[in-house]
Number of protein chains: 2
Amino acid sequence: ENIYLVGASHFRLLLGAETVGLVKECNDNSMRTFTYSSRKTFKDFADDNHNFLTMAECQYIIKHELENLRAKDEKIIPGYPQAKLYPGKSIVRRLLTSGILVQIFPLHDREALKKLRHSWYGRVKIGYQPLDEIRCYFGETIVLYFGFLEYFTFALIPMAVIGIPYYVFAWEDYDKYVMFATFNLLWSTVILEVWKRICAVMTYRWGTLLMKRQFEEPRPGFHGVLGINPVTGREEPVYSSIKRQIRIYLVSLPFVCLCLYFSLYVMMIYFDLEQWALDYHEENQSNFSSLMLFVPSIIYAVVIEIMNRIYRYAAEFLTSWENHRLESSYQNHLVLKVLVFNFLNCFASLFYIAFVLFDMKLLRQSLATLLITSQILNQFAESLLPYWLQKRQKRRMKKRMCSPKTDSDLSLVEQIDLEREMGTYSGTFDDYLELFLQFGYVSLFSCVYPLAAVFAVLNNITEIYSDALKMCRVYKRPFAEPTANIGVWQLAFETMSVISVVTNCMLIGMSPQVNALFPDSKMDLVLTVALVEHLLLAIKFIMAFVIPDKPRDIQIKLAKLEFESLEALKQQ
Amino acid sequence: ENIYLVGASHFRLLLGAETVGLVKECNDNSMRTFTYSSRKTFKDFADDNHNFLTMAECQYIIKHELENLRAKDEKIIPGYPQAKLYPGKSIVRRLLTSGILVQIFPLHDREALKKLRHSWYGRVKIGYQPLDEIRCYFGETIVLYFGFLEYFTFALIPMAVIGIPYYVFAWEDYDKYVMFATFNLLWSTVILEVWKRICAVMTYRWGTLLMKRQFEEPRPGFHGVLGINPVTGREEPVYSSIKRQIRIYLVSLPFVCLCLYFSLYVMMIYFDLEQWALDYHEENQSNFSSLMLFVPSIIYAVVIEIMNRIYRYAAEFLTSWENHRLESSYQNHLVLKVLVFNFLNCFASLFYIAFVLFDMKLLRQSLATLLITSQILNQFAESLLPYWLQKRQKRRMKKRMCSPKTDSDLSLVEQIDLEREMGTYSGTFDDYLELFLQFGYVSLFSCVYPLAAVFAVLNNITEIYSDALKMCRVYKRPFAEPTANIGVWQLAFETMSVISVVTNCMLIGMSPQVNALFPDSKMDLVLTVALVEHLLLAIKFIMAFVIPDKPRDIQIKLAKLEFESLEALKQQ
């Protein structure tokens with residue numbers, strides 16, 4: 001096996017920055033697309049300043065250039081008769097898919113990583129994460145996740161603070177619950193809108209807000225018969241959209257429905273278990289039996305997590321079998337599949353308890369068990385377990401190398417040997433999904449269990465640290481990817497907050513205290529609840545519409561850039 | 001008084017087409033931004049073909065060039081010491097606001113207009129409107145209105161066809177009403193989504209879909225103290241956004257609320273009148289008294305129309321007093337004000353009858369009276385009255401000129417004399433508003449009065465002709481304005497269709513037949529209705545999300561253009 005280390009000279013990197021269309025800050029504080037000829041006008045640019053481009057940017061440029069090495073003619077790779085190159089196709093991708101290239105990954109920079117670790121989680125401190133530093137090292141996709149996680153944690157604090165007295169004083173006064181729920185519903189709209197603004201501010205500073213989208217090449221797994229692509233006019237594999245639709249609607253959709261049915265079936269088993277535990281407790285009335293009451297919920301929480309993970313693999317397999325041409329379309333279909341299943345899998349039992357059994361006490365207990373168990377499981381499975389495995393692996397490796405060196409003394413070859421054995425970070429999908437489900441636990445039934453926000457905040461604070469540990473210690477350094485927002489997750493969170501309006505209104509309507517307000521007519525009660533719900537939904541939509549997605553100063557800066565480019569066009 | 005006729009040579013027009021960024025079809029059937037240097041590659045281009053640019057495009061170019069004549073230095077217009085020019089400001093606009101230029105308008109082209117009139121409404125025929133011809137003569141804004149009107153009429157036909165048997169056979173069977181209403185609700189979503197696609201196809205063909213937005217200059221009425229515009233960096237009048245907000249929230253908003261209150265007050269008077277008419281009829285039981293039953297509704301319909309028109313002026317005054325910098329922002333605020341008031345003014349009485357009085361018979365009667373009266377009034381006030389006035393005026397003018405010539409024999413000066421006395425078409429606002437209210441009458445209470453769609457279709461067929469007459473005969477030729485969609489009206493129609501889901505579900509829930517299905521528990525009824533409503537709303541949103549806004553071939557063409565421009569950028 002050969003190892004190739006690929007790097008680039010400063011000059012080549014600058015040319016590459018122009019090719020990928022990086023946006024950097026100019027001397028006059030405006031953000032502009034970098035070109036080599038205008039390089040002198042950019043802030044901090046000097047011919048000998050090798051920090052002008054961040055590490056993540058350099059990495060992105062090199063990866064982009066590698067992937068854009070394209071075959072000129074139809075040719076067989078020397079020595080590999082099964083691997084054929086087609087004109088215009090990426091050579092590196094072909095090498096990867098045919099297994100000649102085993103893996104390709106960026107190396108950690110020991111020095112920079114040490115500094116980053118120190119300022120990120122090295123010392124105990126209260127404060128923001130060093131987002132700009134993280135961005136320099138890991139790129140925008142990953143830092144936006146951490147930014148969102150941090151923002152979301154701060155945004156949950158008011159909910160948590162308001163929720164604590166409800167628990168401490170055991171307020172069962174539903175007037176107060178109504179206020180709490182209303183606050184939550186409007187608050188969740190506000191935080192999602194404000195996040196868009198904060199995200200715009202950050203990505204403007206980082207240049208990705210202005211970066212032009214590159215033309216999207218087919219994703220690596222895409223296959224099809226050779227044909228003419230109507231967009232590029234090039235000869236490349238094409239796959240009929242009808243065939244894909246058939247696969248989606250005749251295979252994937254029924255499969256997802258089957259999984260949903262199976263998940264509901266498991267839920268019914270859980271309720272049987274729950275009933276059994278209750279009967280057992282009533283018969284025995286011992287300490288052990290009262291502990292047993294929690295067992296079904298905990299088992300169910302574990303089963304849910306396991307099912308989520310298995311389904312995740314199935315969904316990935318199916319979506320990749322659907323043969324989407326673009327990575328973005330693949331991602332959208334995968335996210336949709338996974339979200340629908342996870343939503344049902346995690347929340348179906350709670351919906352059943354709330355709106356079929358009408359058992360608020362059980363709802364509160366289930367919610368607490370599910371939330372806490374899933375948080376513990378996630379923290380363990382996501383970071384601590386891999387960290388421990390990774391540590392053991394490293395120790396074994398070092399023993400094999402017979403050198404008691406510390407990390408920083410390792411030679412480059414030893415470092416590569418160590419890092420190539422590390423796991424590959426599979427992207428921010430799982431991390432966002434976890435936050436999404438947590439948001440569901442917090443918001444869907446917030447008026448029954450105000451303490452959920454407290455647990456969410458506590459979990460997220462440790463989550464920041466364990467995720468940081470995971471990024472720096474457990475996984476290979478991931479490829480940096482410029483991005484301007486959190487994409488489809490914004491929509492997912494917004495949908496969840498709409499659903500939570502409906503559930504919370506129903507819960508409040510079902511509470512005995514609110515029922516007592518309408519002693520004569522249940523009709524009036526239901527109508528009032530429906531009216532309030534529609535009003536809240538209307539307010540939500542109006543708020544989402546009225547709050548601008550970008551702060552005023554960013555709007556002005558963008559308008560200024562647009563104006564200048566129009567003027568420049570006129571001058572031509 | 002002097003009259004200036006402004007025209008341009010073919011060469012100048014082509015240069016102007018490049019300046020405004022017109023998009024035309026190329027020889028290879030793709031749409032591209034026109035440039036003078038690449039003119040040979042465009043379809044139908046020849047140096048002597050003066051029809052390469054449509055009349056509307058020529059007109060738009062000339063207007064654009066006139067408005068972009070800008071003062072170089074600070075200067076007083078000779079002979080008018082009160083009118084001062086500032087550097088960079090449009091001269092023509094200054095001349096207009098200071099009253100030196102009395103009016104500026106494009107002349108009709110008698111020959112082309114005659115042809116257009118003939119193919120548009122000259123002969124009795126069943127068929128589509130000649131949209132391409134209308135577009136060539138009047139430009140995209142106006143043809144899109146006519147296109148939407150035609151499309152909307154066709155889209156209403158299924159509703160009307162399904163609605164007729166309900167009236168003819170006097171079906172009171174609410175099972176069938178439920179089906180009818182459900183069909184209507186989903187249908188209204190589908191037609192609004194499909195319109196976006198049709199609109200994209202048309203505007204792609206016309207080139208406006210691809211046309212880059214020009215930088216928006218301040219609207220003519222905007223005033224403020226001289227300052228630096230943060231976007232352009234130029235010295236120009238600026239007006240503090242806070243002051244505008246104060247005007248909006250402390251003056252406009254209370255005023256609108258007051259008007260809404262007044263409108264509700266008038267509504268209550270109408271109900272008193274209605275009661276009085278009922279009492280009178282019961283006392284007398286004569287033919288006359290049964291006719292009297294309709295009088296309050298008719299009076300109320302007339303009063304509503306009058307109030308709408310008065311409010312319209314007030315809203316225009318207020319919005320222009322709010323001093324918006326951009327025409328688009330002015331329009332948005334005006335549309336919002338007018339829509340809210342007109343919605344309440346037209347539909348409040350129906351809501352009151354339906355959901356407070358629970359009187360379905362009165363609802364049906366009121367709905368029919370309001371719809372038909374407002375349609376008749378509108379047709380009369382919008383087209384026929386102005387047409388008659390205009391005819392009389394023309395006759396008088398001709399008498400004054402003592403020449404019994406026909407229109408086509410008139411000299412240019414005589415034509416100008418005639419046309420400058422014609423009214424000015426105030427834009428498509430009123431026309432869309434009329435359609436919007438009609439859509440409300442048809443969809444909000446469709447399950448009570450299925451015949452509404454029939455009346456709407458009948459009205460729209462005559463509306464097409466009377467609006468065409470209005471455009472060709474009554475008003476000055478309007479300035480052409482390129483546009484790619486119907487703008488804020490799309491949103492307005494979609495909002496209406498969401499509201500109609502709520503009202504229709506409530507109406508069905510209130511019907512005695514559906515009530516009979518739940519003899520024991522009103523609760524179950526209300527819960528079922530609420531569930532169905534939420535399901536319908538969810539389906540609506542999913543449908544709106546799933547149906548792509550642009551047809552696949554347009555998407556591919558757009559992607560192709562984007563790909564080409566990216567490739568071209570790389571070549572540079």
# chains A, B, ... in the order shown; residues from 1 in each chain; ligands from 1
$ residues_around --residues "Gln214 (chain A)" --least-positions-apart "4" --cutoff "10 Å" --atoms "only C-alpha atoms" --output "list of chain:residue names"
A:Thr19, A:Val20, A:Gly21, B:Glu562, B:Phe563, B:Leu566
$ write_last_selection --atoms "N, CA, C and O atoms" --output "PDB file, in the first residue's frame"
ATOM      1  N   THR A  19     -10.995  29.703  -8.241  1.00  0.00           N
ATOM      2  CA  THR A  19     -11.804  28.714  -8.969  1.00  0.00           C
ATOM      3  C   THR A  19     -13.058  28.332  -8.193  1.00  0.00           C
ATOM      4  O   THR A  19     -14.147  28.266  -8.756  1.00  0.00           O
ATOM      5  N   VAL A  20     -12.895  28.060  -6.902  1.00  0.00           N
ATOM      6  CA  VAL A  20     -14.071  27.647  -6.135  1.00  0.00           C
ATOM      7  C   VAL A  20     -14.926  28.843  -5.735  1.00  0.00           C
ATOM      8  O   VAL A  20     -16.027  28.669  -5.218  1.00  0.00           O
ATOM      9  N   GLY A  21     -14.437  30.065  -5.997  1.00  0.00           N
ATOM     10  CA  GLY A  21     -15.260  31.245  -5.746  1.00  0.00           C
ATOM     11  C   GLY A  21     -15.361  31.624  -4.288  1.00  0.00           C
ATOM     12  O   GLY A  21     -16.423  32.034  -3.822  1.00  0.00           O
TER      13      GLY A  21
ATOM     14  N   GLU B 562     -27.717  28.276 -16.202  1.00  0.00           N
ATOM     15  CA  GLU B 562     -26.855  28.506 -15.052  1.00  0.00           C
ATOM     16  C   GLU B 562     -25.524  27.797 -15.253  1.00  0.00           C
ATOM     17  O   GLU B 562     -24.460  28.367 -15.007  1.00  0.00           O
ATOM     18  N   PHE B 563     -25.615  26.567 -15.742  1.00  0.00           N
ATOM     19  CA  PHE B 563     -24.406  25.792 -15.993  1.00  0.00           C
ATOM     20  C   PHE B 563     -23.513  26.517 -16.994  1.00  0.00           C
ATOM     21  O   PHE B 563     -22.302  26.656 -16.786  1.00  0.00           O
ATOM     22  N   LEU B 566     -21.793  29.458 -15.479  1.00  0.00           N
ATOM     23  CA  LEU B 566     -20.695  29.033 -14.601  1.00  0.00           C
ATOM     24  C   LEU B 566     -19.482  28.621 -15.426  1.00  0.00           C
ATOM     25  O   LEU B 566     -18.344  28.974 -15.114  1.00  0.00           O
TER      26      LEU B 566
END
$ closest_atom_pairs --of "chain B" --to "chain A" --cutoff "10 Å" --atoms "only C-alpha atoms" --output "JSON lines"
{"residue": "B:Glu18", "atom": "CA", "partner": "A:Lys570", "partner_atom": "CA", "distance": 9.4}
{"residue": "B:Thr19", "atom": "CA", "partner": "A:Lys570", "partner_atom": "CA", "distance": 7.0}
{"residue": "B:Val20", "atom": "CA", "partner": "A:Lys570", "partner_atom": "CA", "distance": 9.5}
{"residue": "B:Gly21", "atom": "CA", "partner": "A:Lys570", "partner_atom": "CA", "distance": 9.9}
{"residue": "B:Lys212", "atom": "CA", "partner": "A:Leu566", "partner_atom": "CA", "distance": 9.5}
{"residue": "B:Arg213", "atom": "CA", "partner": "A:Leu566", "partner_atom": "CA", "distance": 9.5}
{"residue": "B:Gln214", "atom": "CA", "partner": "A:Leu566", "partner_atom": "CA", "distance": 7.8}
{"residue": "B:Phe215", "atom": "CA", "partner": "A:Phe563", "partner_atom": "CA", "distance": 6.4}
{"residue": "B:Glu216", "atom": "CA", "partner": "A:Phe563", "partner_atom": "CA", "distance": 9.3}
{"residue": "B:Asn229", "atom": "CA", "partner": "A:Lys560", "partner_atom": "CA", "distance": 9.8}
{"residue": "B:Pro230", "atom": "CA", "partner": "A:Ile556", "partner_atom": "CA", "distance": 7.0}
{"residue": "B:Val231", "atom": "CA", "partner": "A:Lys560", "partner_atom": "CA", "distance": 4.3}
{"residue": "B:Thr232", "atom": "CA", "partner": "A:Lys560", "partner_atom": "CA", "distance": 6.2}
{"residue": "B:Gly233", "atom": "CA", "partner": "A:Lys560", "partner_atom": "CA", "distance": 8.5}
{"residue": "B:Val502", "atom": "CA", "partner": "A:His534", "partner_atom": "CA", "distance": 9.2}
{"residue": "B:Ser521", "atom": "CA", "partner": "A:Met523", "partner_atom": "CA", "distance": 9.3}
{"residue": "B:Lys522", "atom": "CA", "partner": "A:Met523", "partner_atom": "CA", "distance": 6.5}
{"residue": "B:Met523", "atom": "CA", "partner": "A:Met523", "partner_atom": "CA", "distance": 5.8}
{"residue": "B:Asp524", "atom": "CA", "partner": "A:Met523", "partner_atom": "CA", "distance": 9.4}
{"residue": "B:Leu525", "atom": "CA", "partner": "A:Met523", "partner_atom": "CA", "distance": 9.3}
{"residue": "B:Val526", "atom": "CA", "partner": "A:Val526", "partner_atom": "CA", "distance": 7.1}
{"residue": "B:Leu527", "atom": "CA", "partner": "A:Val526", "partner_atom": "CA", "distance": 7.6}
{"residue": "B:Ala530", "atom": "CA", "partner": "A:Ala530", "partner_atom": "CA", "distance": 7.5}
{"residue": "B:His534", "atom": "CA", "partner": "A:Val502", "partner_atom": "CA", "distance": 9.2}
{"residue": "B:Asp553", "atom": "CA", "partner": "A:Pro230", "partner_atom": "CA", "distance": 9.6}
{"residue": "B:Gln555", "atom": "CA", "partner": "A:Val231", "partner_atom": "CA", "distance": 9.5}
{"residue": "B:Ile556", "atom": "CA", "partner": "A:Val231", "partner_atom": "CA", "distance": 6.0}
{"residue": "B:Lys557", "atom": "CA", "partner": "A:Val231", "partner_atom": "CA", "distance": 7.0}
{"residue": "B:Leu558", "atom": "CA", "partner": "A:Val231", "partner_atom": "CA", "distance": 8.6}
{"residue": "B:Ala559", "atom": "CA", "partner": "A:Val231", "partner_atom": "CA", "distance": 6.1}
{"residue": "B:Lys560", "atom": "CA", "partner": "A:Val231", "partner_atom": "CA", "distance": 4.3}
{"residue": "B:Leu561", "atom": "CA", "partner": "A:Val231", "partner_atom": "CA", "distance": 8.1}
{"residue": "B:Glu562", "atom": "CA", "partner": "A:Phe215", "partner_atom": "CA", "distance": 8.1}
{"residue": "B:Phe563", "atom": "CA", "partner": "A:Phe215", "partner_atom": "CA", "distance": 6.4}
{"residue": "B:Glu564", "atom": "CA", "partner": "A:Thr232", "partner_atom": "CA", "distance": 7.7}
{"residue": "B:Leu566", "atom": "CA", "partner": "A:Phe215", "partner_atom": "CA", "distance": 7.4}
{"residue": "B:Glu567", "atom": "CA", "partner": "A:Phe215", "partner_atom": "CA", "distance": 9.1}
{"residue": "B:Leu569", "atom": "CA", "partner": "A:Thr19", "partner_atom": "CA", "distance": 9.3}
{"residue": "B:Lys570", "atom": "CA", "partner": "A:Thr19", "partner_atom": "CA", "distance": 7.1}
$ atom_distance --atom1 "CA of Val23 (chain A)" --atom2 "CA of Phe45 (chain A)"
13.3 Å
$ select_by_dssp --residues "region 6-117 of chain A" --states "strand (DSSP E)" --output "PyMOL selection string"
chain A and resi 23-25+31-33+75-76+84-85
$ write_last_selection --atoms "N, CA and C atoms" --output "PDB file, in the first residue's frame"
ATOM      1  N   VAL A  23     -15.274  33.745  -0.949  1.00  0.00           N
ATOM      2  CA  VAL A  23     -15.577  35.144  -0.671  1.00  0.00           C
ATOM      3  C   VAL A  23     -14.797  35.557   0.566  1.00  0.00           C
ATOM      4  N   LYS A  24     -13.998  36.612   0.452  1.00  0.00           N
ATOM      5  CA  LYS A  24     -13.179  37.054   1.583  1.00  0.00           C
ATOM      6  C   LYS A  24     -13.422  38.541   1.851  1.00  0.00           C
ATOM      7  N   GLU A  25     -12.959  38.967   3.011  1.00  0.00           N
ATOM      8  CA  GLU A  25     -13.170  40.362   3.384  1.00  0.00           C
ATOM      9  C   GLU A  25     -12.130  41.252   2.714  1.00  0.00           C
ATOM     10  N   MET A  31     -17.381  42.320   1.701  1.00  0.00           N
ATOM     11  CA  MET A  31     -17.046  40.946   1.343  1.00  0.00           C
ATOM     12  C   MET A  31     -17.095  40.829  -0.176  1.00  0.00           C
ATOM     13  N   ARG A  32     -16.053  40.275  -0.764  1.00  0.00           N
ATOM     14  CA  ARG A  32     -16.048  40.144  -2.215  1.00  0.00           C
ATOM     15  C   ARG A  32     -15.509  38.784  -2.633  1.00  0.00           C
ATOM     16  N   THR A  33     -15.918  38.358  -3.809  1.00  0.00           N
ATOM     17  CA  THR A  33     -15.386  37.108  -4.348  1.00  0.00           C
ATOM     18  C   THR A  33     -13.906  37.303  -4.652  1.00  0.00           C
ATOM     19  N   LYS A  75     -10.082   5.564 -21.346  1.00  0.00           N
ATOM     20  CA  LYS A  75      -8.788   4.948 -21.072  1.00  0.00           C
ATOM     21  C   LYS A  75      -8.947   3.961 -19.923  1.00  0.00           C
ATOM     22  N   ILE A  76      -8.139   2.919 -19.973  1.00  0.00           N
ATOM     23  CA  ILE A  76      -8.157   1.982 -18.850  1.00  0.00           C
ATOM     24  C   ILE A  76      -7.014   2.346 -17.917  1.00  0.00           C
ATOM     25  N   LYS A  84     -12.296   1.630 -15.886  1.00  0.00           N
ATOM     26  CA  LYS A  84     -12.197   2.387 -17.127  1.00  0.00           C
ATOM     27  C   LYS A  84     -12.541   3.853 -16.850  1.00  0.00           C
ATOM     28  N   LEU A  85     -11.792   4.737 -17.507  1.00  0.00           N
ATOM     29  CA  LEU A  85     -12.065   6.171 -17.350  1.00  0.00           C
ATOM     30  C   LEU A  85     -12.832   6.669 -18.567  1.00  0.00           C
TER      31      LEU A  85
END
$ residues_around --residues "Gly7 (chain B)" --least-positions-apart "3" --cutoff "12 Å" --atoms "only C-alpha atoms" --output "ChimeraX atom specification"
/B:4,10-13,55,58-63,65-66,106-107
$ atom_distance --atom1 "CA of Lys89 (chain A)" --atom2 "CA of Tyr36 (chain A)"
27.1 Å
$ closest_residue --among "B:Leu451, B:Leu53, B:Val256, B:Met543" --to "Gly207 (chain B)" --atoms "only C-alpha atoms"
B:Leu53
